[in-house]
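Here the structure comes first, spelled out in structure tokens, and everything after it is commentary.
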Amino acid sequence: MAPILWLWPQASAPDADIDALVADSGNWAMAWLAIAVVMTPLARLSRSVQRALWLRRAVGLAAFGGSLVHLWLYVLAMRAFSEPGGEWALIRDEAFAPGILTGWAALALMLPPALTSTDAAMRRLRAAWKRLQRLAWPAAALALVHMAVVHDGFTLALIVTALIAALQLPRFISIRPTRKA
Ligand code: HEM
């Protein structure tokens, strides 16, 4: 969360460019979410990633936390555009625009895995826990569509999608990371 939390003091500065911070926080949240979904297949290629797999839940939580910071900055940006108290009406009015709706839907799908990311929830939910964690996949897909629509051009979203897709290949090929001599 450290890079995302750094946006907090920046947003409090009197001359803060809130729109740029909305974009930065969205990119950080997307980056953590993308890393969370490629860690498992990458662990098949690299022993260091394999050793870092215990961090996957923390990475997913950073993506969720980053999305909440992104949402908070979005509310601040809408506040700057409206009369005092009028930001909620603006947010409601544009909530169903495809670019924004996909953001809300991605956040909603990240909520159940985030809320059940504790060891206790893992023990209680057993097999259902894994199914809940897999919601990170549709969340990532929706976040990518959101990024493609709201970002200025599809290129970055396409590059990230292609990278995520390519990094899934080790799931289908039987490769084991080589042991260091
Ligand atoms: C909670 C609902 C969400 C709302 C209302 C929302 C809103 C926005 C808005 C207004 C922008 C345009 C920023 C700009 O370029 O000026 C944006 C960009 C973006 N958002 Fe979201 N978002 C939401 C959720 C998410 C989630 C869950 C993710 C990823 C996990 C995400 C990732 C991004 C990315 C990658 C961008 C592109 C940043 C750029 O332009 O460089 N957003 N979002």
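Following the order of the structure tokens, chains are lettered A, B, ..., residues in each are numbered from 1, and ligands are numbered from 1.
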
Can you check which parts of chain A lie within 9 Å of ligand 1? Per residue, the shortest pair of atoms and distance in Å to one decimal, counting only C-alpha atoms and all ligand atoms, sorted by chain and number, as CSV.
```
residue,atom,partner,partner_atom_place_in_ligand_line,distance
A:Ile18,CA,ligand 1,16 (O),8.5
A:Asp19,CA,ligand 1,16 (O),4.8
A:Ala20,CA,ligand 1,16 (O),6.1
A:Leu21,CA,ligand 1,13 (C),8.1
A:Val22,CA,ligand 1,13 (C),5.2
A:Ala23,CA,ligand 1,38 (C),3.7
A:Asp24,CA,ligand 1,38 (C),6.1
A:Ser25,CA,ligand 1,33 (C),7.3
A:Gly26,CA,ligand 1,33 (C),3.5
A:Asn27,CA,ligand 1,35 (C),4.0
A:Trp28,CA,ligand 1,35 (C),7.2
A:Ala29,CA,ligand 1,30 (C),4.5
A:Met30,CA,ligand 1,29 (C),4.2
A:Ala31,CA,ligand 1,30 (C),7.7
A:Trp32,CA,ligand 1,30 (C),7.8
A:Leu33,CA,ligand 1,30 (C),6.0
A:Ala34,CA,ligand 1,30 (C),8.5
A:Ala63,CA,ligand 1,30 (C),6.0
A:Phe64,CA,ligand 1,30 (C),6.9
A:Gly66,CA,ligand 1,30 (C),7.4
A:Ser67,CA,ligand 1,27 (C),4.8
A:Leu68,CA,ligand 1,1 (C),6.9
A:His70,CA,ligand 1,22 (N),6.4
A:Leu71,CA,ligand 1,1 (C),4.9
A:Trp72,CA,ligand 1,1 (C),8.5
A:Leu73,CA,ligand 1,7 (C),8.8
A:Tyr74,CA,ligand 1,7 (C),5.9
A:Val75,CA,ligand 1,5 (C),7.9
A:Ala77,CA,ligand 1,10 (C),8.3
A:Met78,CA,ligand 1,10 (C),8.7
A:Ile91,CA,ligand 1,5 (C),7.6
A:Glu94,CA,ligand 1,5 (C),8.7
A:Ala95,CA,ligand 1,5 (C),7.1
A:Gly99,CA,ligand 1,8 (C),7.7
A:Ile100,CA,ligand 1,5 (C),5.3
A:Leu101,CA,ligand 1,2 (C),7.3
A:Thr102,CA,ligand 1,24 (C),7.4
A:Gly103,CA,ligand 1,24 (C),3.6
A:Trp104,CA,ligand 1,2 (C),3.7
A:Ala105,CA,ligand 1,2 (C),7.2
A:Ala106,CA,ligand 1,27 (C),4.8
A:Leu107,CA,ligand 1,27 (C),4.2
A:Ala108,CA,ligand 1,1 (C),7.9
A:Leu109,CA,ligand 1,27 (C),8.7
A:Met110,CA,ligand 1,27 (C),7.6
A:Ala139,CA,ligand 1,30 (C),7.4
A:Ala140,CA,ligand 1,30 (C),6.7
A:Leu142,CA,ligand 1,27 (C),8.2
A:Ala143,CA,ligand 1,29 (C),4.7
A:Leu144,CA,ligand 1,35 (C),7.0
A:His146,CA,ligand 1,20 (N),6.4
A:Met147,CA,ligand 1,34 (C),4.5
A:Ala148,CA,ligand 1,37 (C),7.5
A:Val149,CA,ligand 1,37 (C),8.5
A:Val150,CA,ligand 1,12 (C),5.2
A:His151,CA,ligand 1,40 (O),4.0
A:Asp152,CA,ligand 1,40 (O),6.3
A:Gly153,CA,ligand 1,40 (O),8.9
A:Leu156,CA,ligand 1,41 (O),8.5
A:Ala157,CA,ligand 1,35 (C),7.8
```

ask   = Can you list, as a PyMOL selection string, every protein, DNA or RNA residue that comes within 12 Å of Val38 (chain A) when you count only C-alpha atoms, leaving out same-chain residues fewer than 3 positions away?
value = chain A and resi 31-35+41-45+49-50+53+56+59-60+136-137+140+160-171

ask   = In Å to one decimal, how far is CA of Pro113 (chain A) from CA of Leu132 (chain A)?
value = 5.6 Å

key: Which of region 12-129 of chain A fall in alpha helix (DSSP H), as a PyMOL selection string   = chain A and resi 12+18-43+47-51+56-81+87-94+98-115+119-125+127-129

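Interatomic distance, CA of Pro14 (chain A) to CA of Gly86 (chain A): 20.8 Å.
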
task = May I ask for the distance between CA of Ala2 (chain A) and CA of Ala62 (chain A), given in Å to one decimal place?
result = 8.9 Å

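Among the candidate residues A:Leu115, A:Ala89, A:Ala141, A:Ala11, the one lying nearest to Leu61 (chain A) is A:Leu115, with distances computed using only C-alpha atoms.
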
task = Find the residues near Lys130 (chain A): any atom within 12 Å, counting only C-alpha atoms, skip ones fewer than 3 places away on the same chain, and give them as an MDAnalysis selection string.
result = chainID A and resid 57 112:113 116:117 121:127 133:137
